[in-house]
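Q: As input, take my_file_9.cif (mmCIF, C-alpha atoms):
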```
data_query
#
loop_
_atom_site.label_atom_id
_atom_site.label_comp_id
_atom_site.auth_asym_id
_atom_site.auth_seq_id
_atom_site.Cartn_x
_atom_site.Cartn_y
_atom_site.Cartn_z
CA MET A 5 31.72 -51.54 15.10
CA LEU A 6 33.84 -54.64 14.44
CA ASP A 7 31.40 -56.88 16.36
CA LYS A 8 28.55 -55.56 14.23
CA LEU A 9 30.52 -56.20 11.03
CA GLU A 10 31.41 -59.72 12.17
CA ALA A 11 27.70 -60.43 12.74
CA ILE A 12 26.84 -59.07 9.27
CA GLU A 13 29.46 -61.33 7.65
CA GLU A 14 28.10 -64.36 9.53
CA ARG A 15 24.56 -63.54 8.37
CA TYR A 16 25.87 -63.12 4.79
CA LYS A 17 27.43 -66.62 4.89
CA GLU A 18 24.19 -68.03 6.28
CA LEU A 19 22.21 -66.37 3.48
CA GLU A 20 24.59 -67.80 0.86
CA LYS A 21 23.71 -71.30 2.06
CA LEU A 22 19.98 -70.57 2.30
CA ILE A 23 19.58 -69.13 -1.22
CA SER A 24 21.36 -72.21 -2.64
CA ASP A 25 19.06 -74.62 -0.75
CA PRO A 26 16.56 -76.26 -3.21
CA GLU A 27 13.92 -76.38 -0.47
CA VAL A 28 14.16 -72.60 0.07
CA ILE A 29 14.26 -71.97 -3.70
CA SER A 30 10.92 -73.79 -4.00
CA ARG A 31 9.38 -71.19 -1.66
CA GLN A 32 9.74 -68.33 -4.15
CA GLU A 33 8.51 -65.47 -1.96
CA GLU A 34 10.86 -66.38 0.90
CA TRP A 35 13.75 -67.00 -1.51
CA GLN A 36 13.29 -63.55 -3.15
CA GLU A 37 13.29 -61.84 0.27
CA LEU A 38 16.50 -63.66 1.28
CA THR A 39 18.12 -62.82 -2.08
CA ARG A 40 17.32 -59.13 -1.56
CA GLU A 41 18.85 -59.24 1.95
CA HIS A 42 21.94 -61.01 0.56
CA ALA A 43 22.39 -58.31 -2.11
CA ARG A 44 21.89 -55.55 0.48
CA LEU A 45 24.65 -56.93 2.74
CA GLY A 46 27.02 -57.71 -0.16
CA GLU A 47 28.78 -54.33 -0.39
CA THR A 48 29.34 -54.08 3.39
CA VAL A 49 30.78 -57.60 3.54
CA GLU A 50 33.08 -56.97 0.56
CA VAL A 51 34.48 -53.75 2.13
CA TYR A 52 34.82 -55.47 5.54
CA ARG A 53 36.82 -58.31 3.97
CA GLN A 54 39.13 -55.76 2.30
CA TYR A 55 39.48 -54.01 5.68
CA LYS A 56 40.48 -57.27 7.40
CA GLU A 57 43.00 -58.06 4.66
CA VAL A 58 44.58 -54.59 4.84
CA SER A 59 44.65 -54.74 8.67
CA GLN A 60 46.52 -58.05 8.51
CA GLU A 61 48.99 -56.69 5.94
CA LEU A 62 49.58 -53.63 8.13
CA GLU A 63 50.16 -55.81 11.18
CA ASP A 64 52.69 -57.92 9.25
CA ALA A 65 54.51 -54.82 7.99
CA GLN A 66 54.66 -53.37 11.51
CA GLU A 67 56.16 -56.63 12.77
CA MET A 68 58.71 -56.57 9.96
CA GLU A 69 59.68 -52.98 10.87
CA LYS A 70 60.80 -54.22 14.29
CA GLU A 71 63.41 -56.48 12.63
CA ASP A 72 67.00 -55.46 11.95
CA LEU A 73 66.63 -54.40 8.30
CA GLU A 74 68.96 -52.80 5.80
CA GLU A 75 68.29 -49.07 5.28
CA GLU A 76 66.71 -49.49 1.82
CA MET A 77 64.41 -52.28 3.01
CA ALA A 78 63.51 -50.33 6.17
CA GLN A 79 62.47 -47.35 4.00
CA MET A 80 60.32 -49.62 1.80
CA VAL A 81 58.60 -51.11 4.85
CA LYS A 82 58.05 -47.63 6.30
CA GLU A 83 56.42 -46.47 3.05
CA GLU A 84 54.25 -49.61 2.93
CA ILE A 85 53.06 -48.94 6.50
CA ARG A 86 52.13 -45.37 5.52
CA LEU A 87 50.12 -46.50 2.47
CA LEU A 88 48.40 -49.34 4.34
CA SER A 89 47.50 -47.03 7.26
CA GLU A 90 45.87 -44.58 4.81
CA LYS A 91 44.00 -47.40 3.07
CA LYS A 92 42.81 -48.82 6.40
CA ALA A 93 41.53 -45.39 7.57
CA LYS A 94 39.70 -44.90 4.24
CA LEU A 95 38.04 -48.33 4.47
CA GLU A 96 37.07 -47.61 8.08
CA GLU A 97 35.24 -44.42 7.01
CA GLU A 98 33.54 -46.33 4.20
CA LEU A 99 32.36 -49.00 6.66
CA LYS A 100 30.96 -46.36 9.02
CA LEU A 101 28.88 -44.99 6.16
CA LEU A 102 27.71 -48.47 5.15
CA LEU A 103 26.57 -49.14 8.73
CA ILE A 104 24.26 -46.11 8.76
CA PRO A 105 20.68 -47.47 8.81
CA ARG A 106 19.27 -47.40 5.29
CA ASP A 107 16.10 -45.41 4.66
CA PRO A 108 13.48 -48.09 3.81
CA ASN A 109 11.86 -45.66 1.35
CA GLU A 110 15.07 -44.98 -0.57
CA ASP A 111 14.20 -46.85 -3.77
CA LYS A 112 10.51 -45.93 -3.81
CA ASN A 113 8.63 -43.84 -6.33
CA VAL A 114 7.47 -40.46 -5.03
CA ILE A 115 4.30 -38.44 -4.98
CA MET A 116 5.08 -34.73 -5.02
CA GLU A 117 2.70 -31.89 -4.23
CA ILE A 118 3.43 -28.28 -5.18
CA ARG A 119 1.12 -25.57 -3.81
CA ALA A 120 1.21 -21.85 -4.49
CA GLY A 121 1.77 -19.96 -1.23
CA THR A 122 1.99 -16.25 -0.50
CA GLY A 123 2.17 -14.01 -3.56
CA GLY A 124 -1.11 -14.52 -5.45
CA GLU A 125 -0.81 -15.10 -9.22
CA GLU A 126 2.98 -14.78 -9.06
CA ALA A 127 3.12 -17.68 -6.55
CA GLY A 128 1.04 -19.76 -8.99
CA LEU A 129 3.52 -19.02 -11.79
CA PHE A 130 6.40 -20.00 -9.50
CA ALA A 131 4.63 -23.29 -8.67
CA GLY A 132 4.56 -23.87 -12.44
CA ASP A 133 8.31 -23.11 -12.66
CA LEU A 134 9.03 -25.66 -9.92
CA PHE A 135 6.89 -28.30 -11.65
CA ARG A 136 8.83 -27.71 -14.88
CA MET A 137 12.14 -27.97 -12.93
CA TYR A 138 11.19 -31.37 -11.46
CA SER A 139 9.82 -32.54 -14.85
CA ARG A 140 13.16 -31.71 -16.48
CA TYR A 141 15.06 -33.42 -13.65
CA ALA A 142 12.93 -36.56 -13.98
CA GLU A 143 13.64 -36.53 -17.73
CA ARG A 144 17.40 -36.27 -17.09
CA MET A 145 17.25 -39.19 -14.65
CA GLY A 146 15.21 -41.34 -17.06
CA TRP A 147 12.22 -41.40 -14.67
CA LYS A 148 8.55 -41.40 -15.64
CA LEU A 149 6.28 -38.54 -14.50
CA GLU A 150 2.49 -38.72 -14.29
CA VAL A 151 0.23 -35.86 -13.20
CA MET A 152 -2.26 -37.09 -10.59
CA SER A 153 -4.22 -33.88 -10.05
CA SER A 154 -3.85 -30.21 -10.94
CA SER A 155 -5.57 -26.86 -10.42
CA PRO A 156 -4.22 -24.49 -13.10
CA THR A 157 -4.47 -20.70 -12.84
CA ASP A 158 -5.77 -18.41 -15.59
CA ILE A 159 -2.29 -17.16 -16.51
CA GLY A 160 -0.49 -20.49 -16.84
CA GLY A 161 0.62 -21.39 -13.33
CA PHE A 162 -0.84 -23.77 -10.72
CA LYS A 163 -2.71 -23.26 -7.48
CA GLU A 164 -1.75 -26.87 -6.82
CA ILE A 165 -0.31 -29.77 -8.79
CA ILE A 166 0.22 -33.35 -7.57
CA PHE A 167 2.30 -35.79 -9.59
CA LEU A 168 3.90 -39.24 -9.37
CA ILE A 169 7.54 -39.81 -10.32
CA GLU A 170 8.47 -43.44 -10.98
CA GLY A 171 12.11 -44.45 -11.15
CA LYS A 172 15.00 -46.08 -9.30
CA GLY A 173 16.08 -44.03 -6.30
CA ALA A 174 13.48 -41.29 -6.92
CA TYR A 175 12.69 -40.81 -3.21
CA SER A 176 16.35 -40.90 -2.13
CA ARG A 177 17.15 -37.97 -4.42
CA LEU A 178 13.96 -35.92 -4.20
CA LYS A 179 13.23 -36.18 -0.46
CA TYR A 180 15.36 -33.07 0.19
CA GLU A 181 12.95 -30.91 -1.84
CA SER A 182 10.25 -30.84 0.87
CA GLY A 183 9.68 -27.41 2.32
CA VAL A 184 9.00 -23.80 1.36
CA HIS A 185 10.66 -22.54 -1.84
CA ARG A 186 10.85 -18.75 -2.14
CA VAL A 187 11.22 -16.65 -5.30
CA GLN A 188 12.38 -13.05 -5.63
CA ARG A 189 11.70 -11.42 -9.01
CA VAL A 190 9.92 -8.60 -10.84
CA PRO A 191 6.50 -9.92 -12.01
CA ALA A 192 5.58 -9.36 -15.66
CA THR A 193 2.57 -7.34 -14.44
CA GLU A 194 4.74 -4.99 -12.30
CA SER A 195 5.21 -1.69 -14.18
CA SER A 196 7.44 -0.01 -11.59
CA GLY A 197 10.06 -2.79 -11.69
CA ARG A 198 9.68 -3.58 -8.00
CA ILE A 199 10.95 -6.99 -6.84
CA HIS A 200 8.24 -9.19 -5.30
CA THR A 201 8.77 -12.16 -2.98
CA SER A 202 6.46 -15.16 -3.45
CA ALA A 203 6.52 -18.74 -2.20
CA ALA A 204 5.41 -22.25 -3.03
CA THR A 205 5.31 -25.30 -0.78
CA VAL A 206 6.68 -28.64 -1.95
CA ALA A 207 5.80 -31.94 -0.24
CA VAL A 208 7.59 -35.18 -1.16
CA MET A 209 6.06 -38.48 -0.06
CA PRO A 210 7.10 -42.07 -0.83
CA GLU A 211 4.47 -43.91 -2.84
CA ALA A 212 2.67 -46.28 -0.46
CA GLU A 213 1.95 -49.88 -1.35
CA GLU A 214 -1.52 -51.19 -0.52
CA VAL A 215 0.00 -53.60 2.00
CA GLU A 216 1.76 -50.74 3.82
CA VAL A 217 -1.39 -48.72 4.37
CA GLU A 218 -4.56 -50.70 4.84
CA ILE A 219 -7.64 -48.55 4.33
CA ASN A 220 -11.05 -49.74 5.44
CA SER A 221 -13.63 -48.86 2.77
CA GLN A 222 -16.07 -47.96 5.57
CA ASP A 223 -13.66 -45.17 6.61
CA LEU A 224 -14.01 -43.47 3.23
CA ARG A 225 -16.51 -40.99 1.85
CA VAL A 226 -16.36 -40.79 -1.95
CA ASP A 227 -17.92 -37.80 -3.72
CA THR A 228 -18.12 -37.34 -7.48
CA PHE A 229 -18.53 -34.04 -9.32
CA CYS A 230 -17.98 -32.37 -12.70
CA SER A 231 -14.35 -31.41 -13.33
CA THR A 232 -13.50 -27.73 -13.68
CA GLY A 233 -10.83 -25.76 -15.51
CA PRO A 234 -9.06 -22.44 -14.83
CA GLY A 235 -11.39 -19.82 -13.41
CA GLY A 236 -13.84 -22.50 -12.30
CA GLN A 237 -15.50 -23.09 -15.67
CA SER A 238 -16.95 -26.56 -16.21
CA VAL A 239 -14.76 -28.77 -18.39
CA ASN A 240 -17.25 -31.58 -18.90
CA THR A 241 -20.78 -32.42 -17.84
CA THR A 242 -20.10 -35.96 -16.59
CA GLN A 243 -19.45 -36.61 -12.90
CA SER A 244 -15.93 -37.97 -13.56
CA ALA A 245 -14.05 -36.01 -10.88
CA VAL A 246 -13.56 -37.83 -7.57
CA ARG A 247 -12.98 -36.55 -4.02
CA ILE A 248 -12.15 -39.11 -1.32
CA THR A 249 -12.28 -38.21 2.37
CA HIS A 250 -10.61 -40.44 4.96
CA LEU A 251 -13.05 -39.96 7.83
CA PRO A 252 -10.80 -40.94 10.82
CA THR A 253 -8.13 -38.36 9.84
CA GLY A 254 -10.09 -35.89 7.72
CA ILE A 255 -7.49 -36.19 4.93
CA VAL A 256 -8.93 -35.41 1.50
CA ALA A 257 -7.55 -36.44 -1.91
CA SER A 258 -9.21 -35.51 -5.17
CA CYS A 259 -8.52 -36.00 -8.87
CA GLN A 260 -10.27 -34.64 -11.95
CA ASP A 261 -7.60 -34.83 -14.66
CA GLU A 262 -8.82 -38.09 -16.24
CA LYS A 263 -12.05 -38.45 -18.22
CA SER A 264 -12.74 -41.76 -16.50
CA GLN A 265 -14.16 -41.71 -12.97
CA HIS A 266 -12.47 -45.07 -12.30
CA LYS A 267 -9.00 -43.68 -13.22
CA ASN A 268 -9.58 -40.55 -11.13
CA ARG A 269 -10.53 -42.72 -8.16
CA ASP A 270 -7.37 -44.85 -8.54
CA LYS A 271 -5.16 -41.74 -8.64
CA ALA A 272 -6.93 -40.14 -5.65
CA MET A 273 -6.44 -43.38 -3.66
CA LYS A 274 -2.70 -43.37 -4.48
CA VAL A 275 -2.40 -39.81 -3.16
CA LEU A 276 -4.47 -40.65 -0.07
CA ARG A 277 -2.32 -43.70 0.74
CA ALA A 278 0.89 -41.66 0.35
CA ARG A 279 -0.45 -38.93 2.68
CA LEU A 280 -1.49 -41.47 5.33
CA LEU A 281 1.93 -43.19 5.16
CA ASP A 282 3.62 -39.78 5.38
CA ILE A 283 1.67 -38.91 8.56
CA ARG A 284 2.40 -42.30 10.12
CA GLN A 285 6.13 -41.98 9.41
CA LYS A 286 6.30 -38.46 10.79
CA GLU A 287 4.58 -39.60 13.99
CA LYS A 288 7.06 -42.48 14.28
CA GLU A 289 10.02 -40.14 13.75
CA ALA A 290 8.70 -37.79 16.43
CA GLU A 291 8.52 -40.68 18.91
CA GLU A 292 12.07 -41.89 18.28
CA ILE A 293 14.53 -40.73 20.93
CA GLN A 294 17.35 -40.69 18.40
CA SER A 295 15.37 -38.61 15.89
CA ARG A 296 17.50 -36.29 13.80
CA ARG A 297 18.20 -32.85 15.25
CA SER A 298 19.10 -31.24 11.93
CA GLN A 299 16.50 -30.05 9.42
CA VAL A 300 18.41 -31.49 6.44
CA GLY A 301 15.95 -33.59 4.50
CA SER A 302 13.34 -33.51 7.24
CA GLY A 303 10.70 -32.03 4.98
CA ASP A 304 9.34 -29.64 7.59
CA ARG A 305 6.80 -27.86 5.42
CA SER A 306 6.90 -24.63 7.41
CA GLU A 307 10.61 -24.37 6.76
CA ARG A 308 12.03 -22.01 4.12
CA ILE A 309 14.57 -24.23 2.41
CA ARG A 310 15.59 -22.43 -0.78
CA THR A 311 15.47 -18.97 -2.37
CA TYR A 312 15.50 -18.36 -6.14
CA ASN A 313 16.69 -14.78 -6.78
CA PHE A 314 16.06 -13.78 -10.42
CA PRO A 315 17.69 -10.29 -10.47
CA GLN A 316 20.99 -11.80 -9.27
CA GLY A 317 20.59 -15.14 -11.07
CA ARG A 318 21.32 -17.10 -7.91
CA VAL A 319 19.77 -19.91 -5.90
CA THR A 320 20.54 -20.43 -2.20
CA ASP A 321 19.81 -23.53 -0.15
CA HIS A 322 19.50 -22.25 3.42
CA ARG A 323 19.95 -25.64 5.12
CA ILE A 324 23.54 -26.05 3.97
CA GLY A 325 24.34 -22.42 3.06
CA LEU A 326 25.05 -23.31 -0.57
CA THR A 327 24.60 -20.56 -3.20
CA LEU A 328 24.88 -21.23 -6.93
CA HIS A 329 24.87 -18.47 -9.56
CA LYS A 330 23.20 -20.62 -12.23
CA LEU A 331 19.48 -20.01 -11.77
CA GLU A 332 18.52 -20.75 -15.40
CA GLN A 333 20.25 -24.15 -15.43
CA ILE A 334 18.72 -25.08 -12.06
CA LEU A 335 15.21 -24.24 -13.31
CA GLU A 336 15.99 -26.48 -16.30
CA GLY A 337 16.40 -29.38 -13.86
CA GLU A 338 20.11 -29.22 -12.99
CA ILE A 339 19.53 -29.69 -9.24
CA ASP A 340 22.18 -32.38 -8.66
CA PRO A 341 24.64 -30.04 -6.85
CA PHE A 342 21.96 -29.38 -4.20
CA VAL A 343 20.89 -33.04 -4.01
CA GLU A 344 24.47 -34.30 -3.60
CA ASN A 345 25.51 -31.69 -1.02
CA LEU A 346 22.34 -32.28 1.02
CA ALA A 347 22.92 -36.05 0.91
CA ALA A 348 26.53 -35.54 2.07
CA ALA A 349 25.36 -33.26 4.92
CA GLU A 350 22.81 -35.85 6.02
CA LYS A 351 25.42 -38.63 5.96
CA ALA A 352 27.86 -36.53 8.00
CA GLU A 353 25.16 -35.86 10.58
CA LEU A 354 24.16 -39.52 10.81
CA LEU A 355 27.83 -40.48 11.22
CA GLN A 356 28.15 -38.03 14.07
CA GLU A 357 25.06 -39.46 15.75
CA ALA A 358 26.33 -43.02 15.33
CA GLN A 359 29.61 -42.27 17.15
#
```
Just dump the structure as structure tokens.
A:
Amino acid sequence: MLDKLEAIEERYKELEKLISDPEVISRQEEWQELTREHARLGETVEVYRQYKEVSQELEDAQEMEKEDLEEEMAQMVKEEIRLLSEKKAKLEEELKLLLIPRDPNEDKNVIMEIRAGTGGEEAGLFAGDLFRMYSRYAERMGWKLEVMSSSPTDIGGFKEIIFLIEGKGAYSRLKYESGVHRVQRVPATESSGRIHTSAATVAVMPEAEEVEVEINSQDLRVDTFCSTGPGGQSVNTTQSAVRITHLPTGIVASCQDEKSQHKNRDKAMKVLRARLLDIRQKEKEAEEIQSRRSQVGSGDRSERIRTYNFPQGRVTDHRIGLTLHKLEQILEGEIDPFVENLAAAEKAELLQEAQ
């Protein structure tokens, strides 16, 4: 670990010189990339320098302890050694966390897809509840939400809704939401008061830049059609809705929410790019020998990750065994306790793997 930290500090010093070099500054693109790298390494270097300082102080105190000291001074030195040892251990743990490879998608915007699963109309209503939950969470975080495509049901839910959330750290906080969300409640239409179980699937994908996913126009089939509303009725008579099929993979993305065909095409392309990047990343993860064994944050879409139990007012995250009896607040977007505990579990697992 210390060799790795020494190399990081050397690189940091090198970057300091480079970003001050007028010749490098004149090459703006290169300079910006180096500045970003410098900022990324800054926190690790600062903590490592504190660690070295504390280690030296501890060494000096331990040397002093070996001397023939008066009782009062010996007690002071002993206490200093205790405090410095604790500080050193704390900094060591901090450095281990800082050395965990950073997810390159961490700061990206996300495209989220919510689809009604088993449970008919009730599943559609639950998909609507989840969309509202994420909308409220985005609002709390100061993020911007834009609906890309939606298929509403007749009674106010969604068969499917796809939306973009733009904001700092959106992917890092929302990536844990991928999977099957299950609801247990008595539907409004149920006269006997029987509890039904329904489900909705959530997919979370980092927004893909055009440079990350190159798409050959010859690999695309673009169809246009009239947009439809709940129940399949025609909303307008112009062919503004767009369906794009990526022929090599068979992936389809469509959008009909905008009145402009051009805007619908742009949104469908964003969704298509995100899906292609998602597939590519999952294939890469599968190939890696050191791929994560735990399901925390993996986004396995067949996995039941959370249950929302209305009669008991509780929500349980099955990956970390966390149950909170505050269902109403959670559906109003207060999902931070889950996000933070899942992030901590992922960090602990990565630390274990790194040892």
Q: Which residue, A:Gln188, A:Thr311, A:Gln222, A:Gln260, has the smallest gap to A:Met152 when you use only C-alpha atoms?
A: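 Of A:Gln188, A:Thr311, A:Gln222, A:Gln260, the one nearest A:Met152, counting only C-alpha atoms, is A:Gln260.
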Q: Please identify all polymer residues lying at most 12 Å from the point (49.4, -48.6, 4.0) (file coordinates), using only C-alpha atoms, and present the result as JSON, numbers by chain.
A: {"A": [55, 57, 58, 59, 60, 61, 62, 63, 64, 65, 66, 80, 81, 82, 83, 84, 85, 86, 87, 88, 89, 90, 91, 92, 93, 94, 95]}
Q: Which residue is closest to A:Gly123? Choose from A:Thr201, A:Ser155, A:Gln79, A:Asn313 and count all atoms listed in the file.
A: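 Of A:Thr201, A:Ser155, A:Gln79, A:Asn313, the one nearest A:Gly123 is A:Thr201, counting all atoms listed in the file.
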Q: Considering all atoms listed in the file, return as a list of chain:residue names whatever protein or nucleic-acid residues lie within 10 Å of A:Val256, sequence-local ones (same chain, fewer than 2 positions apart) excluded.
A: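 So the residues in contact are A:Leu224, A:Arg225, A:Val226, A:Arg247, A:Ile248, A:Thr249, A:His250, A:Leu251, A:Thr253, A:Gly254, A:Ser258, A:Ala272, A:Met273, A:Val275, A:Leu276, A:Arg279.
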Q: Using all atoms listed in the file, can you tell me which of A:Leu178, A:Ala348, A:Cys230, A:Ala43 comes closest to A:Ser264?
A: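 The closest residue to A:Ser264 is A:Cys230.
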Q: So that I can check the surroundings of A:Ala120, please list as a compact mmCIF listing (two decimals) with C-alpha atoms, in the frame of the given file every protein, DNA and RNA residue that reaches within 9 Å of it, counting all atoms listed in the file and ignoring chain neighbours fewer than 2 positions away.
A:
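Output contents, as saved in out.txt:
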```txt
# COMPACT_ATOMS: atom_id res chain seq x y z
CA ILE A 118 3.43 -28.28 -5.18
CA THR A 122 1.99 -16.25 -0.50
CA GLY A 123 2.17 -14.01 -3.56
CA GLY A 124 -1.11 -14.52 -5.45
CA GLU A 125 -0.81 -15.10 -9.22
CA GLU A 126 2.98 -14.78 -9.06
CA ALA A 127 3.12 -17.68 -6.55
CA GLY A 128 1.04 -19.76 -8.99
CA LEU A 129 3.52 -19.02 -11.79
CA PHE A 130 6.40 -20.00 -9.50
CA ALA A 131 4.63 -23.29 -8.67
CA GLY A 132 4.56 -23.87 -12.44
CA GLY A 161 0.62 -21.39 -13.33
CA PHE A 162 -0.84 -23.77 -10.72
CA LYS A 163 -2.71 -23.26 -7.48
CA GLU A 164 -1.75 -26.87 -6.82
CA SER A 202 6.46 -15.16 -3.45
CA ALA A 203 6.52 -18.74 -2.20
CA ALA A 204 5.41 -22.25 -3.03
CA THR A 205 5.31 -25.30 -0.78
```
Q: Nearest to A:Ser154 among A:Gln333, A:Ala245, A:Arg53, A:Glu218, with distances taken over all atoms listed in the file: which residue is it?
A: A:Ala245
Q: Interatomic distance between atom CA of A:Gln316 and atom CA of A:Val343?
A: 21.9 Å
Q: Could you please determine the separation between atom CA of A:Ile199 and atom CA of A:His185 in Å, to one decimal place?
A: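 Pair atom CA of A:Ile199 / atom CA of A:His185 returns 16.3 Å.
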Q: What separation in Å, quoted to one decimal, exists between atom CA of A:Phe135 and atom CA of A:Lys172?
A: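 Value for the atom CA of A:Phe135-atom CA of A:Lys172 distance: 19.7 Å.
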Q: Could you expand the PyMOL selection byres ((chain A and resi 51) around 12) into the explicit residues it covers here, written as a PyMOL selection string?
A: chain A and resi 9+12-13+45-50+52-58+91-92+94-103
Q: Out of A:Asp111, A:Glu194, A:Glu211, A:Glu69, which residue has the shortest atom-to-atom distance to A:Gly171 when counting only C-alpha atoms?
A: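 Ranking A:Asp111, A:Glu194, A:Glu211, A:Glu69 by distance to A:Gly171, first place goes to A:Asp111.
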Q: Restricting the calculation to all atoms listed in the file, which member of A:Pro156, A:Ile115, A:Tyr175, A:Phe229 is positioned closest to A:Arg277?
A: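 When distances to A:Arg277 are compared using all atoms listed in the file, the smallest one comes from A:Ile115.
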Q: Can you pull out every residue within 9 Å of A:Arg177, counting only C-alpha atoms, but drop anything in the same chain fewer than 2 positions away, and send it as a list in words?
A: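 My list of contacting residues is Glu110, Gly173, Ala174, Tyr175, Lys179, Tyr180, Glu181, Asp340, Val343, Glu344 and Ala347 of chain A.
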Q: Check what the PyMOL selection byres ((chain A and resi 319) around 10) selects in the file above and give those residues as a PyMOL selection string.
A: chain A and resi 186-187+310-314+316-318+320-322+326-332+334-335+342
Q: Save stretch 164-183 of chain A to a file: N, CA and C atoms, as an mmCIF file, in the first residue's frame.
A:
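Result written to decode_2.cif:
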```
data_model
loop_
_atom_site.group_PDB
_atom_site.id
_atom_site.type_symbol
_atom_site.label_atom_id
_atom_site.label_comp_id
_atom_site.auth_asym_id
_atom_site.auth_seq_id
_atom_site.Cartn_x
_atom_site.Cartn_y
_atom_site.Cartn_z
ATOM 1 N N GLU A 164 -44.649 1.535 -18.325
ATOM 2 C CA GLU A 164 -43.209 1.784 -18.405
ATOM 3 C C GLU A 164 -42.992 3.287 -18.414
ATOM 4 N N ILE A 165 -41.941 3.728 -17.742
ATOM 5 C CA ILE A 165 -41.542 5.136 -17.831
ATOM 6 C C ILE A 165 -40.012 5.198 -17.810
ATOM 7 N N ILE A 166 -39.464 5.983 -18.728
ATOM 8 C CA ILE A 166 -38.005 6.152 -18.841
ATOM 9 C C ILE A 166 -37.709 7.633 -18.641
ATOM 10 N N PHE A 167 -36.745 7.938 -17.773
ATOM 11 C CA PHE A 167 -36.456 9.347 -17.504
ATOM 12 C C PHE A 167 -34.966 9.560 -17.259
ATOM 13 N N LEU A 168 -34.534 10.798 -17.509
ATOM 14 C CA LEU A 168 -33.134 11.198 -17.332
ATOM 15 C C LEU A 168 -33.043 12.048 -16.077
ATOM 16 N N ILE A 169 -32.074 11.749 -15.226
ATOM 17 C CA ILE A 169 -31.809 12.602 -14.056
ATOM 18 C C ILE A 169 -30.415 13.183 -14.223
ATOM 19 N N GLU A 170 -30.366 14.524 -14.248
ATOM 20 C CA GLU A 170 -29.089 15.232 -14.420
ATOM 21 C C GLU A 170 -28.692 15.881 -13.101
ATOM 22 N N GLY A 171 -27.479 15.615 -12.649
ATOM 23 C CA GLY A 171 -27.010 16.236 -11.418
ATOM 24 C C GLY A 171 -25.737 15.586 -10.926
ATOM 25 N N LYS A 172 -24.974 16.322 -10.150
ATOM 26 C CA LYS A 172 -23.678 15.835 -9.647
ATOM 27 C C LYS A 172 -23.860 14.599 -8.778
ATOM 28 N N GLY A 173 -23.164 13.532 -9.147
ATOM 29 C CA GLY A 173 -23.189 12.304 -8.360
ATOM 30 C C GLY A 173 -24.471 11.499 -8.488
ATOM 31 N N ALA A 174 -25.284 11.793 -9.513
ATOM 32 C CA ALA A 174 -26.572 11.089 -9.658
ATOM 33 C C ALA A 174 -26.373 9.576 -9.757
ATOM 34 N N TYR A 175 -25.432 9.137 -10.603
ATOM 35 C CA TYR A 175 -25.243 7.688 -10.771
ATOM 36 C C TYR A 175 -24.712 7.044 -9.486
ATOM 37 N N SER A 176 -23.785 7.729 -8.813
ATOM 38 C CA SER A 176 -23.176 7.139 -7.608
ATOM 39 C C SER A 176 -24.210 6.867 -6.526
ATOM 40 N N ARG A 177 -25.290 7.662 -6.489
ATOM 41 C CA ARG A 177 -26.298 7.478 -5.449
ATOM 42 C C ARG A 177 -27.476 6.615 -5.899
ATOM 43 N N LEU A 178 -27.771 6.620 -7.192
ATOM 44 C CA LEU A 178 -28.948 5.898 -7.669
ATOM 45 C C LEU A 178 -28.651 4.501 -8.215
ATOM 46 N N LYS A 179 -27.372 4.176 -8.389
ATOM 47 C CA LYS A 179 -27.026 2.886 -9.005
ATOM 48 C C LYS A 179 -27.534 1.691 -8.185
ATOM 49 N N TYR A 180 -27.726 1.907 -6.868
ATOM 50 C CA TYR A 180 -28.179 0.804 -6.014
ATOM 51 C C TYR A 180 -29.661 0.485 -6.186
ATOM 52 N N GLU A 181 -30.371 1.288 -6.972
ATOM 53 C CA GLU A 181 -31.822 1.095 -7.128
ATOM 54 C C GLU A 181 -32.178 0.054 -8.182
ATOM 55 N N SER A 182 -31.195 -0.415 -8.945
ATOM 56 C CA SER A 182 -31.457 -1.410 -9.997
ATOM 57 C C SER A 182 -31.917 -2.734 -9.405
ATOM 58 N N GLY A 183 -32.991 -3.259 -9.930
ATOM 59 C CA GLY A 183 -33.475 -4.561 -9.495
ATOM 60 C C GLY A 183 -34.989 -4.597 -9.396
#
```
